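Chemist: Pasting a structure below so you can have a look.
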Amino acid sequence: MSPRILRIALPLLVLAAVVLVWDLTVRLFAIPPYVLPGPELVLSTLFADAALLSQSLLVTLAITLEGFLLAAFGGIALAVVFNQWRLIESAFYPYAVILQVTPVVAIAPLLLIYLPQPLAVLACAWIVAFFPVLANTTLGLNSVDHNLIALFDLYKASRWQVLWNLKLPAALPQMLAGLRIAGGLSLIGAVVAEIAAGSAGAGSGLAYRIVESGYRLNIPRMFAALLLLSLAGIAIFFVLSALSNILLGRWHESAVTRER
Amino acid sequence: MTAAGPAIVSLRNVSKAYESGTLALSDFHLDVRAGEFVSLLGPSGCGKSTALRIVAGLSRASAGTVDAPDGGTGFVFQEPTLMPWASVADNVRLPLKLTHADEARSRAAVTQALERVGLAEFAQSYPRELSGGMKMRASIARALVTEPQLLLMDEPFAALDEINRFKLNNDLLRVWQELQRTVIFVTHSVFESVYLSQRIVVMTPRPGRVFAEIAIDAPYPRDERFRTSAEYAASCRKVAETLAQAMGEAP
Ligand SMILES: Nc1ncnc2c1ncn2[C@@H]1O[C@H](COP(=O)(O)OP(=O)(O)OP(=O)(O)O)[C@@H](O)[C@H]1O
Ligand SMILES: [Mg+2]
């Protein structure tokens, strides 16, 4: 079999095996659905509650997307500013790090006090997703081949020409790697904030559904919501990977298949 | 042949100490006249690249005076130094783009430069699709595309096989004669330096100083007949002996 088919078939095989074991376990040990629902029940719940859950999914996805876009533009813009003005970098980089190393679960309750809930959730999504974009883009901008910089100097290129024609394209692979991480993290940020808001919150995203179902002991719906969250995360990862492959096209080692 | 013109490059008492403490050049002199073909010959690590970068204004001398043209210089780095995200043609076009050259004229110049190095077919390829020697030729085309007054080349043919090296040696001499330009050529090959240059500057091991200057008087155009001539062999022997003496003088 070709490696391409194997790369798709093998994970699917693992999935099928896990679902089978899960199903058998639930049936054999007669586990009640409020402890562990079987895969069949989770799926049927997913369809039964489709209207409610898909609405929640849209809410979560919208917040994730907003947080991601803010993080992407903010992170790239700030990385460029840091790269162009080293003094600003020295002044502010430590605070960007502090923002990153403080667990978002710990910040979320505070944000929920000071901001209206939708804004607090968005802020959380942004905080966690922002730093990988900033850090990766900064690394990319700073690791341009010195001889290429010398070449641009030789032809008296302006700062703008160096940035636009050399540094940004050279940083593209790292930038895209940062964005790929940020996509998953902004989903996590959005979920964490909603969970922190808990049942007291007025949320309507998937995380809120999970908390709510937990209180109502509606375990199958919890699983269904969880399943949707995972699928959303996977979709985000694939979309960003595809974007990365398109942009890096023929030139970067990570995007081209090696011919032997 | 080419009558020596006015001085175009002049380095006097130039020293270069890197921040790491390495003294790469010490009391280095180099005078090059317009239209000359001069080679810097010396063992690895003796400061040839450093000297070339100082001439190009890419590195500052720690001491001494440097007189060299500001702009209008082409540089071929020791590594190909191509932009991996741009096609060969776009890489070669870069100097014209940076100097805001006219669009139509740049296209013609890029085509001509690629033809000179035999890469016309690969204009739309990406650097990773080229062999090591082809990358180097693309890099040479990029330096030639502006037809610079002064061409600085840092071991451009070191990665090439002998057949291609001989061919590019001849191409380089032809371009040099056609365009009447000045070339400073770094190499550690005795044979290559004798074949190409009017004058060879033999350097001592680090810290690099000028040990001797040897004129190669054979007339141009030089071709395969020159490569097999007794005169060439004699010059090579002389240069090799001088280089050996320069190495023996190491501290
Ligand atoms: N950027 C740098 N920082 C510190 N030391 C350097 C740097 N570049 C070169 N050197 C040192 O300066 C010395 C001369 O280096 P240079 O590259 O000029 O040698 P070279 O004659 O071109 O050698 P090769 O033939 O191997 O290319 C070496 O000892 C090297 O270690
Ligand atoms: Mg060198």
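In the structure tokens, chains take the letters A, B, ... in the order shown, each chain's residues start at 1, and ligands count up from 1 in the order shown.
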Hey, what's within 8 Å of Ala246 (chain B) if we count only C-alpha atoms and toss same-chain stuff fewer than 5 positions away? As a list of chain:residue names, please?

Modeler: B:Val202, B:Met203, B:Thr204, B:Pro205, B:Phe211

Chemist: Next, dump the selected residues to file, keeping only all heavy atoms, as an mmCIF file, in the first residue's frame.

Modeler:
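again.cif, freshly written:
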```cif
data_model
loop_
_atom_site.group_PDB
_atom_site.id
_atom_site.type_symbol
_atom_site.label_atom_id
_atom_site.label_comp_id
_atom_site.auth_asym_id
_atom_site.auth_seq_id
_atom_site.Cartn_x
_atom_site.Cartn_y
_atom_site.Cartn_z
ATOM 1 N N VAL B 202 49.388 36.648 -2.787
ATOM 2 C CA VAL B 202 49.524 35.471 -1.936
ATOM 3 C C VAL B 202 49.510 35.912 -0.481
ATOM 4 O O VAL B 202 50.265 36.809 -0.087
ATOM 5 C CB VAL B 202 50.823 34.708 -2.240
ATOM 6 C CG1 VAL B 202 50.948 33.481 -1.345
ATOM 7 C CG2 VAL B 202 50.863 34.303 -3.701
ATOM 8 N N MET B 203 48.624 35.304 0.293
ATOM 9 C CA MET B 203 48.461 35.720 1.694
ATOM 10 C C MET B 203 49.065 34.704 2.653
ATOM 11 O O MET B 203 49.145 33.513 2.363
ATOM 12 C CB MET B 203 46.972 35.904 2.016
ATOM 13 C CG MET B 203 46.345 37.065 1.265
ATOM 14 S SD MET B 203 44.561 37.169 1.510
ATOM 15 C CE MET B 203 44.477 37.546 3.252
ATOM 16 N N THR B 204 49.468 35.183 3.818
ATOM 17 C CA THR B 204 49.989 34.301 4.871
ATOM 18 C C THR B 204 48.814 33.736 5.649
ATOM 19 O O THR B 204 47.709 34.258 5.573
ATOM 20 C CB THR B 204 50.859 35.100 5.859
ATOM 21 O OG1 THR B 204 50.013 36.065 6.505
ATOM 22 C CG2 THR B 204 51.999 35.801 5.163
ATOM 23 N N PRO B 205 49.058 32.647 6.419
ATOM 24 C CA PRO B 205 47.979 32.156 7.295
ATOM 25 C C PRO B 205 47.584 33.238 8.292
ATOM 26 O O PRO B 205 48.286 34.239 8.432
ATOM 27 C CB PRO B 205 48.606 30.963 8.005
ATOM 28 C CG PRO B 205 49.774 30.568 7.162
ATOM 29 C CD PRO B 205 50.254 31.799 6.486
ATOM 30 N N PHE B 211 51.861 38.248 1.486
ATOM 31 C CA PHE B 211 53.198 37.672 1.517
ATOM 32 C C PHE B 211 53.963 38.046 0.252
ATOM 33 O O PHE B 211 55.121 38.426 0.311
ATOM 34 C CB PHE B 211 53.111 36.152 1.650
ATOM 35 C CG PHE B 211 54.448 35.475 1.657
ATOM 36 C CD1 PHE B 211 55.250 35.534 2.783
ATOM 37 C CD2 PHE B 211 54.914 34.793 0.534
ATOM 38 C CE1 PHE B 211 56.495 34.921 2.798
ATOM 39 C CE2 PHE B 211 56.155 34.185 0.543
ATOM 40 C CZ PHE B 211 56.958 34.250 1.680
#
```

Chemist: Show me which residues are within 9 Å of ligand 2 counting only C-alpha atoms and all ligand atoms, and format the list as a PyMOL selection string.

Modeler: chain B and resi 44-50+52+77-78+154-155+186-187

Chemist: Just to be explicit: take each residue in the selection above, keep C-alpha atoms, and write the result as a PDB file, in the first residue's frame.

Modeler:
```
ATOM      1  CA  SER B  44      41.744  28.348   4.569  1.00  0.00           C
ATOM      2  CA  GLY B  45      40.995  30.773   7.367  1.00  0.00           C
ATOM      3  CA  CYS B  46      43.625  33.334   6.366  1.00  0.00           C
ATOM      4  CA  GLY B  47      41.109  36.133   5.992  1.00  0.00           C
ATOM      5  CA  LYS B  48      40.325  36.125   2.265  1.00  0.00           C
ATOM      6  CA  SER B  49      36.585  36.354   2.749  1.00  0.00           C
ATOM      7  CA  THR B  50      37.111  38.978   5.405  1.00  0.00           C
ATOM      8  CA  LEU B  52      36.584  40.816   0.326  1.00  0.00           C
ATOM      9  CA  PHE B  77      29.359  34.787  -1.660  1.00  0.00           C
ATOM     10  CA  GLN B  78      31.188  31.629  -0.759  1.00  0.00           C
ATOM     11  CA  ASP B 154      34.554  34.468  -3.028  1.00  0.00           C
ATOM     12  CA  GLU B 155      35.609  30.989  -4.192  1.00  0.00           C
ATOM     13  CA  VAL B 186      39.259  34.690  -3.988  1.00  0.00           C
ATOM     14  CA  THR B 187      40.462  31.125  -4.344  1.00  0.00           C
TER      15      THR B 187
END
```

Chemist: Please find the residues of chain A near chain B - the criterion being any atom within 9 Å, counting only C-alpha atoms - and write them as a compact mmCIF listing (two decimals) with N, CA, C and O atoms, in the first residue's frame.

Modeler:
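selection31.txt was written with the following content:
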```
# COMPACT_ATOMS: atom_id res chain seq x y z
N ASP A 145 19.23 34.50 7.00
CA ASP A 145 20.61 34.28 6.56
C ASP A 145 21.39 35.61 6.52
O ASP A 145 20.99 36.55 5.85
N ASN A 147 24.17 36.38 5.17
CA ASN A 147 24.69 36.77 3.86
C ASN A 147 23.61 37.41 2.99
O ASN A 147 23.90 38.31 2.20
N LEU A 148 22.36 36.96 3.16
CA LEU A 148 21.28 37.59 2.39
C LEU A 148 21.09 39.02 2.87
O LEU A 148 20.86 39.92 2.06
N ALA A 150 23.43 40.85 4.06
CA ALA A 150 24.59 41.56 3.48
C ALA A 150 24.32 41.91 2.02
O ALA A 150 24.64 43.00 1.56
N LEU A 151 23.70 40.98 1.31
CA LEU A 151 23.39 41.21 -0.10
C LEU A 151 22.45 42.41 -0.25
O LEU A 151 22.65 43.28 -1.11
N PHE A 152 21.43 42.46 0.60
CA PHE A 152 20.50 43.59 0.55
C PHE A 152 21.23 44.88 0.90
O PHE A 152 20.96 45.93 0.31
N ASP A 153 22.14 44.82 1.86
CA ASP A 153 22.95 46.00 2.22
C ASP A 153 23.76 46.47 1.03
O ASP A 153 23.89 47.66 0.78
N LEU A 154 24.32 45.49 0.32
CA LEU A 154 25.19 45.81 -0.80
C LEU A 154 24.45 46.67 -1.83
O LEU A 154 25.03 47.58 -2.42
N TYR A 155 23.18 46.36 -2.04
CA TYR A 155 22.40 47.13 -3.02
C TYR A 155 21.62 48.26 -2.35
O TYR A 155 20.68 48.78 -2.90
N LYS A 156 22.04 48.59 -1.13
CA LYS A 156 21.47 49.71 -0.40
C LYS A 156 19.95 49.63 -0.30
O LYS A 156 19.24 50.62 -0.53
N ALA A 157 19.46 48.45 0.02
CA ALA A 157 18.02 48.27 0.18
C ALA A 157 17.54 49.07 1.38
O ALA A 157 18.25 49.19 2.38
N SER A 158 16.33 49.62 1.27
CA SER A 158 15.76 50.35 2.39
C SER A 158 15.29 49.35 3.44
O SER A 158 15.15 48.15 3.18
N GLN A 161 12.31 47.57 2.27
CA GLN A 161 12.61 46.52 1.30
C GLN A 161 13.14 45.27 2.00
O GLN A 161 12.79 44.15 1.63
N LEU A 166 12.68 40.37 2.27
CA LEU A 166 13.58 39.39 2.86
C LEU A 166 13.06 38.81 4.18
O LEU A 166 12.83 37.62 4.29
N PRO A 169 9.22 37.05 4.13
CA PRO A 169 9.19 35.73 3.48
C PRO A 169 10.06 34.71 4.19
O PRO A 169 9.69 33.54 4.30
N ALA A 170 11.22 35.15 4.70
CA ALA A 170 12.10 34.20 5.38
C ALA A 170 11.44 33.69 6.66
O ALA A 170 11.68 32.55 7.07
N LEU A 248 3.70 27.70 1.55
CA LEU A 248 5.12 27.34 1.45
C LEU A 248 5.41 26.63 0.14
O LEU A 248 6.55 26.53 -0.28
N GLY A 249 4.33 26.14 -0.48
CA GLY A 249 4.41 25.59 -1.83
C GLY A 249 5.68 24.85 -2.14
O GLY A 249 6.01 23.85 -1.50
N ARG A 250 6.38 25.36 -3.14
CA ARG A 250 7.49 24.60 -3.68
C ARG A 250 8.80 24.83 -2.96
O ARG A 250 9.78 24.19 -3.27
N TRP A 251 8.84 25.80 -2.03
CA TRP A 251 10.18 26.18 -1.60
C TRP A 251 10.64 25.64 -0.27
O TRP A 251 11.82 25.45 -0.04
N HIS A 252 9.72 25.36 0.65
CA HIS A 252 10.21 25.01 1.98
C HIS A 252 10.25 23.51 2.19
O HIS A 252 9.37 22.79 1.76
N GLU A 253 11.28 23.06 2.90
CA GLU A 253 11.48 21.62 3.10
C GLU A 253 10.28 20.97 3.76
O GLU A 253 9.99 19.81 3.52
```

Chemist: May I ask which of the residues B:Ala63, B:Ile8, B:Val117, B:Ile214 is the closest one to Val145 (chain B), counting only C-alpha atoms?

Modeler: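 Selected residue with least distance to Val145 (chain B): B:Val117.
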
Chemist: Check the smallest atom-to-atom distance from each of B:Ser189, B:Asp67, B:Arg199, B:Gly35 to Pro148 (chain B) using only C-alpha atoms, then report the winner.

Modeler: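 Of B:Ser189, B:Asp67, B:Arg199, B:Gly35, the one nearest Pro148 (chain B) is B:Gly35, counting only C-alpha atoms.
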
Chemist: Set the distance at 9 Å and use only C-alpha atoms: which residues neighbour Arg221 (chain A) once local chain neighbours fewer than 3 positions away are removed? I'd like the list as an mmCIF file with N, CA, C and O atoms, in the first residue's frame.

Modeler:
```
data_model
loop_
_atom_site.group_PDB
_atom_site.id
_atom_site.type_symbol
_atom_site.label_atom_id
_atom_site.label_comp_id
_atom_site.auth_asym_id
_atom_site.auth_seq_id
_atom_site.Cartn_x
_atom_site.Cartn_y
_atom_site.Cartn_z
ATOM 1 N N VAL A 42 -24.073 8.193 22.222
ATOM 2 C CA VAL A 42 -23.457 9.513 22.036
ATOM 3 C C VAL A 42 -23.839 10.063 20.663
ATOM 4 O O VAL A 42 -24.236 11.222 20.518
ATOM 5 N N THR A 45 -27.489 10.992 20.549
ATOM 6 C CA THR A 45 -27.688 12.249 21.271
ATOM 7 C C THR A 45 -27.246 13.422 20.407
ATOM 8 O O THR A 45 -27.883 14.478 20.369
ATOM 9 N N LEU A 46 -26.121 13.205 19.730
ATOM 10 C CA LEU A 46 -25.582 14.247 18.876
ATOM 11 C C LEU A 46 -26.630 14.665 17.845
ATOM 12 O O LEU A 46 -26.842 15.861 17.617
ATOM 13 N N ASP A 49 -29.850 16.264 19.689
ATOM 14 C CA ASP A 49 -29.621 17.629 20.178
ATOM 15 C C ASP A 49 -28.940 18.502 19.136
ATOM 16 O O ASP A 49 -28.356 19.536 19.471
ATOM 17 N N LEU A 53 -26.817 21.881 19.917
ATOM 18 C CA LEU A 53 -25.357 21.735 19.916
ATOM 19 C C LEU A 53 -24.707 22.492 18.764
ATOM 20 O O LEU A 53 -23.637 23.095 18.930
ATOM 21 N N ARG A 209 -22.231 24.161 27.419
ATOM 22 C CA ARG A 209 -23.108 22.992 27.325
ATOM 23 C C ARG A 209 -22.550 21.835 28.134
ATOM 24 O O ARG A 209 -23.300 21.084 28.767
ATOM 25 N N ILE A 210 -21.238 21.677 28.105
ATOM 26 C CA ILE A 210 -20.620 20.577 28.851
ATOM 27 C C ILE A 210 -20.858 20.762 30.356
ATOM 28 O O ILE A 210 -21.289 19.850 31.061
ATOM 29 N N SER A 213 -24.583 20.250 31.099
ATOM 30 C CA SER A 213 -24.976 18.845 31.050
ATOM 31 C C SER A 213 -24.433 18.096 32.249
ATOM 32 O O SER A 213 -25.074 17.161 32.759
ATOM 33 N N GLY A 214 -23.248 18.485 32.706
ATOM 34 C CA GLY A 214 -22.648 17.857 33.870
ATOM 35 C C GLY A 214 -23.543 18.048 35.088
ATOM 36 O O GLY A 214 -23.828 17.102 35.833
ATOM 37 N N ASN A 218 -26.577 14.839 32.433
ATOM 38 C CA ASN A 218 -26.872 14.396 31.069
ATOM 39 C C ASN A 218 -25.547 14.026 30.402
ATOM 40 O O ASN A 218 -25.011 14.745 29.567
ATOM 41 N N ALA A 224 -21.328 14.144 23.626
ATOM 42 C CA ALA A 224 -21.598 14.649 22.283
ATOM 43 C C ALA A 224 -20.929 16.015 22.088
ATOM 44 O O ALA A 224 -20.300 16.284 21.054
ATOM 45 N N ALA A 225 -21.030 16.877 23.114
ATOM 46 C CA ALA A 225 -20.421 18.207 23.018
ATOM 47 C C ALA A 225 -18.900 18.086 22.939
ATOM 48 O O ALA A 225 -18.232 18.780 22.165
ATOM 49 N N LEU A 226 -18.378 17.176 23.757
ATOM 50 C CA LEU A 226 -16.929 16.953 23.757
ATOM 51 C C LEU A 226 -16.456 16.496 22.377
ATOM 52 O O LEU A 226 -15.436 16.964 21.851
#
```

Chemist: Restricting the calculation to only C-alpha atoms and all ligand atoms, which member of B:Leu40, B:Leu160, B:Leu168, B:Met136 is positioned closest to ligand 1?

Modeler: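 Among B:Leu40, B:Leu160, B:Leu168, B:Met136, it is B:Leu40 that comes nearest to ligand 1.
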
Chemist: Within 9 Å of Pro221 (chain B), counting only C-alpha atoms, which residues qualify if same-chain residues fewer than 3 places away don't, as a PyMOL selection string?

Modeler: chain B and resi 173-174+177

Chemist: Can you tell me, as number ranges by chain, which residues in region 17-81 of chain A count as alpha helix (DSSP H) by DSSP?

Modeler: A: 17-28, 39-48, 50-81

Chemist: Extract, using only C-alpha atoms, all DNA, RNA and protein residues at most 12 Å from Ala244 (chain B), discarding same-chain residues fewer than 2 positions from it, and format them as a PyMOL selection string.

Modeler: chain B and resi 41-43+190+202-205+211-212+237-242+246-250

Chemist: For the selection you just gave me, I'd like the residues written to a file as a short mmCIF file (atom, residue, chain, number, x, y, z; two decimals), in the first residue's frame, keeping all heavy atoms.

Modeler:
```
data_model
loop_
_atom_site.label_atom_id
_atom_site.label_comp_id
_atom_site.auth_asym_id
_atom_site.auth_seq_id
_atom_site.Cartn_x
_atom_site.Cartn_y
_atom_site.Cartn_z
N LEU B 41 44.99 34.65 -2.97
CA LEU B 41 45.27 33.23 -2.80
C LEU B 41 45.85 33.01 -1.41
O LEU B 41 46.76 33.72 -0.99
CB LEU B 41 46.28 32.79 -3.87
CG LEU B 41 46.74 31.34 -3.86
CD1 LEU B 41 45.60 30.41 -4.21
CD2 LEU B 41 47.89 31.14 -4.83
N GLY B 42 45.29 32.05 -0.70
CA GLY B 42 45.82 31.79 0.63
C GLY B 42 45.14 30.59 1.25
O GLY B 42 44.09 30.15 0.77
N PRO B 43 45.71 30.06 2.33
CA PRO B 43 45.14 28.88 2.97
C PRO B 43 43.80 29.21 3.64
O PRO B 43 43.49 30.37 3.88
CB PRO B 43 46.19 28.50 4.01
CG PRO B 43 46.92 29.77 4.30
CD PRO B 43 46.93 30.54 3.02
N VAL B 190 45.75 27.13 -6.67
CA VAL B 190 46.88 27.73 -7.39
C VAL B 190 46.58 27.77 -8.88
O VAL B 190 46.75 28.79 -9.56
CB VAL B 190 48.16 26.93 -7.12
CG1 VAL B 190 49.28 27.37 -8.06
CG2 VAL B 190 48.59 27.07 -5.67
N VAL B 202 49.39 36.65 -2.79
CA VAL B 202 49.52 35.47 -1.94
C VAL B 202 49.51 35.91 -0.48
O VAL B 202 50.26 36.81 -0.09
CB VAL B 202 50.82 34.71 -2.24
CG1 VAL B 202 50.95 33.48 -1.34
CG2 VAL B 202 50.86 34.30 -3.70
N MET B 203 48.62 35.30 0.29
CA MET B 203 48.46 35.72 1.69
C MET B 203 49.06 34.70 2.65
O MET B 203 49.15 33.51 2.36
CB MET B 203 46.97 35.90 2.02
CG MET B 203 46.34 37.07 1.26
SD MET B 203 44.56 37.17 1.51
CE MET B 203 44.48 37.55 3.25
N THR B 204 49.47 35.18 3.82
CA THR B 204 49.99 34.30 4.87
C THR B 204 48.81 33.74 5.65
O THR B 204 47.71 34.26 5.57
CB THR B 204 50.86 35.10 5.86
OG1 THR B 204 50.01 36.06 6.50
CG2 THR B 204 52.00 35.80 5.16
N PRO B 205 49.06 32.65 6.42
CA PRO B 205 47.98 32.16 7.29
C PRO B 205 47.58 33.24 8.29
O PRO B 205 48.29 34.24 8.43
CB PRO B 205 48.61 30.96 8.00
CG PRO B 205 49.77 30.57 7.16
CD PRO B 205 50.25 31.80 6.49
N PHE B 211 51.86 38.25 1.49
CA PHE B 211 53.20 37.67 1.52
C PHE B 211 53.96 38.05 0.25
O PHE B 211 55.12 38.43 0.31
CB PHE B 211 53.11 36.15 1.65
CG PHE B 211 54.45 35.47 1.66
CD1 PHE B 211 55.25 35.53 2.78
CD2 PHE B 211 54.91 34.79 0.53
CE1 PHE B 211 56.50 34.92 2.80
CE2 PHE B 211 56.16 34.18 0.54
CZ PHE B 211 56.96 34.25 1.68
N ALA B 212 53.29 37.95 -0.87
CA ALA B 212 53.94 38.30 -2.14
C ALA B 212 52.88 38.61 -3.18
O ALA B 212 51.73 38.19 -3.05
CB ALA B 212 54.80 37.14 -2.62
N ARG B 237 54.04 26.49 -10.85
CA ARG B 237 55.09 26.05 -9.93
C ARG B 237 55.56 27.22 -9.08
O ARG B 237 55.69 27.10 -7.85
CB ARG B 237 56.24 25.43 -10.71
CG ARG B 237 57.19 24.66 -9.80
CD ARG B 237 58.22 23.86 -10.59
NE ARG B 237 57.72 23.27 -11.81
CZ ARG B 237 58.18 23.58 -13.03
NH1 ARG B 237 59.16 24.46 -13.17
NH2 ARG B 237 57.67 23.00 -14.09
N LYS B 238 55.76 28.33 -9.70
CA LYS B 238 56.25 29.51 -8.98
C LYS B 238 55.26 29.93 -7.89
O LYS B 238 55.64 30.17 -6.73
CB LYS B 238 56.46 30.66 -9.97
CG LYS B 238 57.05 31.90 -9.37
CD LYS B 238 57.43 32.88 -10.47
CE LYS B 238 57.52 34.28 -9.93
NZ LYS B 238 57.41 35.29 -10.99
N VAL B 239 53.99 29.98 -8.26
CA VAL B 239 52.97 30.40 -7.29
C VAL B 239 52.86 29.39 -6.16
O VAL B 239 52.76 29.76 -4.99
CB VAL B 239 51.61 30.59 -8.00
CG1 VAL B 239 50.50 30.83 -6.98
CG2 VAL B 239 51.68 31.74 -8.99
N ALA B 240 52.91 28.10 -6.50
CA ALA B 240 52.81 27.06 -5.48
C ALA B 240 53.97 27.17 -4.49
O ALA B 240 53.78 27.04 -3.28
CB ALA B 240 52.78 25.68 -6.13
N GLU B 241 55.16 27.42 -5.04
CA GLU B 241 56.33 27.57 -4.15
C GLU B 241 56.16 28.76 -3.23
O GLU B 241 56.43 28.70 -2.03
CB GLU B 241 57.60 27.73 -4.99
CG GLU B 241 58.17 26.39 -5.45
CD GLU B 241 59.21 26.56 -6.55
OE1 GLU B 241 59.59 27.71 -6.85
OE2 GLU B 241 59.62 25.53 -7.12
N THR B 242 55.69 29.87 -3.80
CA THR B 242 55.49 31.07 -2.99
C THR B 242 54.46 30.82 -1.89
O THR B 242 54.65 31.22 -0.74
CB THR B 242 55.00 32.23 -3.89
OG1 THR B 242 55.84 32.31 -5.02
CG2 THR B 242 55.01 33.55 -3.13
N ALA B 246 54.81 31.06 2.08
CA ALA B 246 53.90 31.87 2.90
C ALA B 246 53.36 31.05 4.07
O ALA B 246 53.24 31.53 5.18
CB ALA B 246 52.74 32.39 2.05
N MET B 247 53.06 29.77 3.80
CA MET B 247 52.53 28.92 4.87
C MET B 247 53.62 28.60 5.89
O MET B 247 53.35 28.49 7.08
CB MET B 247 52.00 27.60 4.28
CG MET B 247 51.09 27.76 3.11
SD MET B 247 49.37 27.54 3.45
CE MET B 247 49.29 25.95 4.18
N GLY B 248 54.85 28.45 5.40
CA GLY B 248 55.96 28.15 6.30
C GLY B 248 56.23 29.29 7.26
O GLY B 248 56.77 29.09 8.35
N GLU B 249 55.82 30.47 6.85
CA GLU B 249 56.09 31.65 7.66
C GLU B 249 55.13 31.77 8.83
O GLU B 249 55.18 32.74 9.58
CB GLU B 249 55.94 32.89 6.77
CG GLU B 249 57.04 33.89 6.96
CD GLU B 249 56.56 35.28 6.59
OE1 GLU B 249 55.37 35.59 6.78
OE2 GLU B 249 57.37 36.06 6.12
N ALA B 250 54.23 30.80 8.96
CA ALA B 250 53.20 30.90 10.00
C ALA B 250 53.83 31.08 11.38
O ALA B 250 54.89 30.51 11.65
CB ALA B 250 52.37 29.63 10.00
#
```

Chemist: Can you pull out every residue within 12 Å of region 176-180 of chain A, counting only C-alpha atoms, but drop anything in the same chain fewer than 2 positions away, and send it as a ChimeraX atom specification?

Modeler: /A:65,67-76,79,128-140,168-174,182-187,233-248,252,254-255

Chemist: Could you find all residues in region 12-222 of chain B that DSSP calls strand (DSSP E or B) from the backbone, and write them as an MDAnalysis selection string?

Modeler: chainID B and resid 12:17 23:33 37:41 63:67 73:76 150:154 182:187 199:203 208 210:215

Chemist: Mind writing the picked residues with C-alpha atoms as an mmCIF file, in the first residue's frame?

Modeler:
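See again_26.cif below for the written result:
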```
data_model
loop_
_atom_site.group_PDB
_atom_site.id
_atom_site.type_symbol
_atom_site.label_atom_id
_atom_site.label_comp_id
_atom_site.auth_asym_id
_atom_site.auth_seq_id
_atom_site.Cartn_x
_atom_site.Cartn_y
_atom_site.Cartn_z
ATOM 1 C CA ARG B 12 46.193 50.361 3.463
ATOM 2 C CA ASN B 13 47.380 48.891 6.748
ATOM 3 C CA VAL B 14 44.021 47.240 7.192
ATOM 4 C CA SER B 15 43.485 45.079 10.250
ATOM 5 C CA LYS B 16 40.372 43.248 11.266
ATOM 6 C CA ALA B 17 39.768 41.816 14.698
ATOM 7 C CA LEU B 23 42.589 38.632 14.390
ATOM 8 C CA ALA B 24 41.693 37.852 10.776
ATOM 9 C CA LEU B 25 43.746 40.482 8.953
ATOM 10 C CA SER B 26 46.777 42.369 10.100
ATOM 11 C CA ASP B 27 48.447 45.203 8.232
ATOM 12 C CA PHE B 28 46.899 44.119 4.938
ATOM 13 C CA HIS B 29 47.546 46.036 1.716
ATOM 14 C CA LEU B 30 45.683 45.729 -1.539
ATOM 15 C CA ASP B 31 45.682 48.002 -4.563
ATOM 16 C CA VAL B 32 43.524 47.198 -7.537
ATOM 17 C CA ARG B 33 43.258 49.267 -10.695
ATOM 18 C CA PHE B 37 41.760 40.780 -12.670
ATOM 19 C CA VAL B 38 43.342 40.098 -9.281
ATOM 20 C CA SER B 39 43.208 36.902 -7.237
ATOM 21 C CA LEU B 40 43.613 36.549 -3.497
ATOM 22 C CA LEU B 41 45.267 33.226 -2.800
ATOM 23 C CA ALA B 63 42.226 49.815 11.630
ATOM 24 C CA GLY B 64 43.664 51.223 8.423
ATOM 25 C CA THR B 65 42.137 53.043 5.477
ATOM 26 C CA VAL B 66 39.758 51.584 2.935
ATOM 27 C CA ASP B 67 39.068 53.148 -0.443
ATOM 28 C CA THR B 73 29.677 46.324 -6.721
ATOM 29 C CA GLY B 74 28.663 42.741 -7.392
ATOM 30 C CA PHE B 75 29.389 40.090 -4.794
ATOM 31 C CA VAL B 76 29.391 36.323 -5.114
ATOM 32 C CA LEU B 150 33.673 45.859 -9.520
ATOM 33 C CA LEU B 151 32.981 42.156 -9.200
ATOM 34 C CA LEU B 152 34.000 40.460 -5.958
ATOM 35 C CA MET B 153 33.954 36.674 -6.034
ATOM 36 C CA ASP B 154 34.554 34.468 -3.028
ATOM 37 C CA THR B 182 37.372 44.815 -12.455
ATOM 38 C CA VAL B 183 37.413 41.448 -10.711
ATOM 39 C CA ILE B 184 38.791 40.497 -7.318
ATOM 40 C CA PHE B 185 38.681 36.736 -7.123
ATOM 41 C CA VAL B 186 39.259 34.690 -3.988
ATOM 42 C CA THR B 187 40.462 31.125 -4.344
ATOM 43 C CA ARG B 199 48.089 39.410 -10.639
ATOM 44 C CA ILE B 200 48.005 37.040 -7.671
ATOM 45 C CA VAL B 201 48.161 38.268 -4.104
ATOM 46 C CA VAL B 202 49.524 35.471 -1.936
ATOM 47 C CA MET B 203 48.461 35.720 1.694
ATOM 48 C CA GLY B 208 46.325 37.423 6.870
ATOM 49 C CA VAL B 210 50.246 40.002 1.878
ATOM 50 C CA PHE B 211 53.198 37.672 1.517
ATOM 51 C CA ALA B 212 53.937 38.300 -2.141
ATOM 52 C CA GLU B 213 52.388 39.572 -5.327
ATOM 53 C CA ILE B 214 52.993 37.657 -8.525
ATOM 54 C CA ALA B 215 52.162 39.025 -11.963
#
```

Chemist: May I ask which of the residues B:Ala51, B:Ala218, B:Ala34, B:Ala108 is the closest one to ligand 1, counting only C-alpha atoms and all ligand atoms?

Modeler: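 Answer, going by the shortest atom-to-atom distance: B:Ala51.
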
Chemist: Near Asp161 (chain B), counting only C-alpha atoms, which residues have an atom at most 12 Å away, once you skip same-chain residues fewer than 6 positions from it, shown as a list of chain:residue names?

Modeler: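 Using only C-alpha atoms, the neighbours found are B:Ser131, B:Gly132, B:Gly133, B:Met134, B:Met136, B:Lys167, B:Leu168, B:Asn169.
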